[in-house]
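Down below is the structure, laid out as structure tokens.
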Amino acid sequence: MKKIGILTSGGDAPGMNAAIRAAVRSGIDRGMEVYGIRRGYEGLLDGEIEKMTWQSVGDILQRGGTILRTARSKRFMEAKWVDHGVRILETFGIEGVIVIGGDGSLAGGLELSKRGIPVMGLPGTIDNDLAYTEYTIGFDTAVNNVLEMISKIRDTSSSHERATVIEVMGRDCGDLALYAGLSGGADVILIPEVEVDMNEVCRRVIRGQNTGKAQSIIIKAEGVKMDATEMARFVEETTGREARAVVPGYIQRGGNPTEKDRRLASMSAAKAVELLYNDSSSKAIGIQNGKITAIDLAEALSVPREFKKEVYDLTEILSKAGRD
């Protein structure tokens, strides 16, 4: 394989630029031509494709976001537009594509694969909701971003003796809330995988008050259906402790990627280029037990996500206040 394309799709994730850099330079080192496809599948359909050079990916390793830009493409959900995307790739002579994104992006890559275009999927999402890999590109950075916010919010919450509900991203996966809450010492962690008991939430706030805690931190994943402001109001009315809601939004997935995300992105992209160079069939690249892995793309997308019960149980043990 001599010509390959690379695109980033869906929500941006820290480490995408590291993956782009590694893919371009690994490809060039093997004598391949690497083409950047701007704005994901939407840009593919519009032919926004340009050849990339060693210099075009300089000074991007440490940057968040994606230099190729990203978008969500409703058109690409239709078979006729997927066929059009294949024609565009053939027009440019592109033989295989590296797709960096979440489950929807990799599912789009699978559609290209079914039409004869080899695709290498890289798990670029802060949600950590792709079960075939231990963690995804961008997840570690997002956890650390949330952890920093928890520390700062705790300072103000303590000063005003408040309870604070912090809503974090993650869609229907609670990993971001779970790991940030564990590392940040949250009093309550609410995730979509576990039914919410607001009475238990209030009991913990009250127990904390009774033991002299100056504040209560409640981490809520966005997949939990109750609105953060509504939840704060319920806690305040029930416990008598002033409560506020904080929704950090996109701050969680911005900023410089951590070393862990840069390493995962770089090694995954290099593996993707190696597989395309050797004319491999479509694969999803991930990490298991510290080693970069590659499994069939369709198989990867069918792996069921398992709830990390042992981590959740630990947070329950560590966060209960007022125990003997």
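Identifiers in this document derive from the order of the structure tokens: chains are assigned A, B, ..., residues are numbered from 1 separately in each chain, and ligands are numbered from 1 in order of occurrence.
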Stretch 283-322 of chain A near stretch 95-109 of chain A within 12 Å: what's each residue's closest atom pair and its distance in Å to one decimal, counting only C-alpha atoms, ordered by chain then ascending residue number, as CSV?
```
residue,atom,partner,partner_atom,distance
A:Lys283,CA,A:Ile98,CA,9.8
A:Ala284,CA,A:Leu106,CA,8.1
A:Ile285,CA,A:Ile100,CA,10.0
A:Gly286,CA,A:Ile100,CA,11.5
A:Asp296,CA,A:Leu106,CA,11.7
A:Leu297,CA,A:Leu106,CA,7.9
A:Ala298,CA,A:Ala107,CA,8.3
A:Glu299,CA,A:Ala107,CA,11.2
A:Ala300,CA,A:Leu106,CA,9.5
A:Leu301,CA,A:Asp103,CA,7.2
A:Ser302,CA,A:Asp103,CA,10.2
A:Val303,CA,A:Asp103,CA,11.3
A:Arg305,CA,A:Asp103,CA,11.7
```
Based on the backbone DSSP call, show me all residues of stretch 15-91 of chain A assigned strand (DSSP E), as an MDAnalysis selection string. chainID A and resid 33:37 49:51
Take the residues that were just selected and, keeping N, CA and C atoms, output them as a CSV table (one decimal), in the first residue's frame.
```
chain,number,residue,atom,x,y,z
A,33,GLU,N,2.8,7.8,0.7
A,33,GLU,CA,2.2,9.1,0.7
A,33,GLU,C,1.0,9.1,1.7
A,34,VAL,N,1.0,10.2,2.5
A,34,VAL,CA,-0.1,10.2,3.5
A,34,VAL,C,-0.9,11.5,3.2
A,35,TYR,N,-2.2,11.3,3.2
A,35,TYR,CA,-3.1,12.4,2.9
A,35,TYR,C,-4.0,12.7,4.1
A,36,GLY,N,-4.1,14.0,4.4
A,36,GLY,CA,-5.0,14.4,5.5
A,36,GLY,C,-6.3,14.7,5.0
A,37,ILE,N,-7.4,14.2,5.6
A,37,ILE,CA,-8.7,14.4,5.2
A,37,ILE,C,-9.3,15.3,6.3
A,49,ILE,N,-9.1,17.1,0.8
A,49,ILE,CA,-8.0,16.1,1.0
A,49,ILE,C,-6.7,16.8,0.5
A,50,GLU,N,-5.6,16.7,1.3
A,50,GLU,CA,-4.3,17.3,0.9
A,50,GLU,C,-3.2,16.4,1.4
A,51,LYS,N,-2.1,16.4,0.6
A,51,LYS,CA,-1.0,15.6,0.9
A,51,LYS,C,-0.2,16.2,2.1
```
Find the residues near A:Glu193: any atom within 10 Å, counting only C-alpha atoms, skip ones fewer than 4 places away on the same chain, and give them as number ranges by chain. A: 172-175, 221, 223-224, 306-309, 312
If we count only C-alpha atoms and set the cut-off at 10 Å, which residues sit around A:Glu42, ignoring sequence neighbours fewer than 5 positions away in its own chain? Please answer as a ChimeraX atom specification. /A:9,37,47-48,70-76,81,85
Take the residues that were just selected and, keeping N, CA and C atoms, output them as a PDB file, in the first residue's frame.
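File produced: selection_2.pdb:
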```
ATOM      1  N   SER A   9     -12.686  12.227  13.542  1.00  0.00           N
ATOM      2  CA  SER A   9     -14.137  12.357  13.418  1.00  0.00           C
ATOM      3  C   SER A   9     -14.795  12.393  14.788  1.00  0.00           C
ATOM      4  N   ILE A  37      -7.350  14.182   5.596  1.00  0.00           N
ATOM      5  CA  ILE A  37      -8.743  14.428   5.209  1.00  0.00           C
ATOM      6  C   ILE A  37      -9.342  15.343   6.268  1.00  0.00           C
ATOM      7  N   GLY A  47     -14.332  16.212  -0.579  1.00  0.00           N
ATOM      8  CA  GLY A  47     -13.015  16.160  -1.209  1.00  0.00           C
ATOM      9  C   GLY A  47     -11.976  17.059  -0.582  1.00  0.00           C
ATOM     10  N   GLU A  48     -12.096  17.336   0.720  1.00  0.00           N
ATOM     11  CA  GLU A  48     -11.122  18.196   1.410  1.00  0.00           C
ATOM     12  C   GLU A  48      -9.909  17.358   1.814  1.00  0.00           C
ATOM     13  N   THR A  70     -12.587  18.451  12.852  1.00  0.00           N
ATOM     14  CA  THR A  70     -13.488  17.315  12.979  1.00  0.00           C
ATOM     15  C   THR A  70     -14.920  17.781  12.818  1.00  0.00           C
ATOM     16  N   ALA A  71     -15.781  16.835  12.545  1.00  0.00           N
ATOM     17  CA  ALA A  71     -17.203  17.155  12.349  1.00  0.00           C
ATOM     18  C   ALA A  71     -18.009  15.876  12.509  1.00  0.00           C
ATOM     19  N   ARG A  72     -19.291  16.047  12.699  1.00  0.00           N
ATOM     20  CA  ARG A  72     -20.211  14.906  12.698  1.00  0.00           C
ATOM     21  C   ARG A  72     -20.994  14.967  11.390  1.00  0.00           C
ATOM     22  N   SER A  73     -20.996  13.889  10.648  1.00  0.00           N
ATOM     23  CA  SER A  73     -21.596  13.892   9.321  1.00  0.00           C
ATOM     24  C   SER A  73     -22.877  13.064   9.288  1.00  0.00           C
ATOM     25  N   LYS A  74     -24.010  13.745   9.157  1.00  0.00           N
ATOM     26  CA  LYS A  74     -25.275  13.036   8.999  1.00  0.00           C
ATOM     27  C   LYS A  74     -25.357  12.380   7.627  1.00  0.00           C
ATOM     28  N   ARG A  75     -24.738  13.028   6.625  1.00  0.00           N
ATOM     29  CA  ARG A  75     -24.767  12.463   5.278  1.00  0.00           C
ATOM     30  C   ARG A  75     -24.132  11.075   5.235  1.00  0.00           C
ATOM     31  N   PHE A  76     -23.053  10.906   5.997  1.00  0.00           N
ATOM     32  CA  PHE A  76     -22.307   9.650   5.918  1.00  0.00           C
ATOM     33  C   PHE A  76     -23.077   8.481   6.524  1.00  0.00           C
ATOM     34  N   TRP A  81     -24.080   8.025   0.374  1.00  0.00           N
ATOM     35  CA  TRP A  81     -22.970   8.922   0.652  1.00  0.00           C
ATOM     36  C   TRP A  81     -21.707   8.156   1.035  1.00  0.00           C
ATOM     37  N   GLY A  85     -18.157   8.520  -0.735  1.00  0.00           N
ATOM     38  CA  GLY A  85     -16.871   8.633  -0.056  1.00  0.00           C
ATOM     39  C   GLY A  85     -15.838   7.684  -0.631  1.00  0.00           C
TER      40      GLY A  85
END
```
Near-stretch 61-64 of chain A list (8 Å; only C-alpha atoms; drop same-chain fewer than 4 positions) as an mmCIF file with C-alpha atoms, in the first residue's frame:
```cif
data_model
loop_
_atom_site.group_PDB
_atom_site.id
_atom_site.type_symbol
_atom_site.label_atom_id
_atom_site.label_comp_id
_atom_site.auth_asym_id
_atom_site.auth_seq_id
_atom_site.Cartn_x
_atom_site.Cartn_y
_atom_site.Cartn_z
ATOM 1 C CA ALA A 13 -9.869 14.260 22.078
ATOM 2 C CA PRO A 14 -6.442 15.223 23.438
ATOM 3 C CA GLY A 15 -3.863 13.064 21.690
ATOM 4 C CA MET A 16 -5.434 13.169 18.231
ATOM 5 C CA ASN A 17 -2.619 15.417 17.010
ATOM 6 C CA ALA A 18 -0.040 13.024 18.410
ATOM 7 C CA ARG A 21 1.941 13.188 13.640
ATOM 8 C CA GLY A 254 -9.166 20.658 25.901
ATOM 9 C CA GLY A 255 -5.551 21.357 26.720
ATOM 10 C CA ASN A 256 -2.259 19.544 26.337
ATOM 11 C CA PRO A 257 -2.526 15.743 26.267
ATOM 12 C CA ARG A 262 0.618 10.985 23.679
#
```
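Take the candidates A:Ile292, A:Asn199, A:Tyr179, A:Val86 and check each one against A:Glu310 using only C-alpha atoms; the shortest distance goes to A:Tyr179.
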Which residue is closest to A:Val273? Choose from A:Glu259, A:Glu134, A:Asp29, A:Glu236 and count only C-alpha atoms.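 When distances to A:Val273 are compared using only C-alpha atoms, the smallest one comes from A:Asp29.
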Could you pull out the alpha helix (DSSP H) residues of stretch 146-275 of chain A, going by DSSP on the backbone, and write them as a ChimeraX atom specification? /A:146-160,175-184,198-210,228-239,259-275
Identify, on the basis of only C-alpha atoms, every residue whose closest approach to A:Ala177 does not exceed 12 Å; exclude the query and any residue fewer than 4 positions from it along the same chain; express the result as a PyMOL selection string. chain A and resi 126-128+139+142-147+150+165-173+181-186+188-193+217-224+252+311-312+315
Best match for closeness to A:Arg263 among A:Lys320, A:Lys291, A:Arg244, A:Arg204, counting only C-alpha atoms: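 Nearest candidate to A:Arg263 out of A:Lys320, A:Lys291, A:Arg244, A:Arg204: A:Lys291.
Note that the spacing between atom CA of A:Arg38 and atom CA of A:Ile94 amounts to 14.5 Å.
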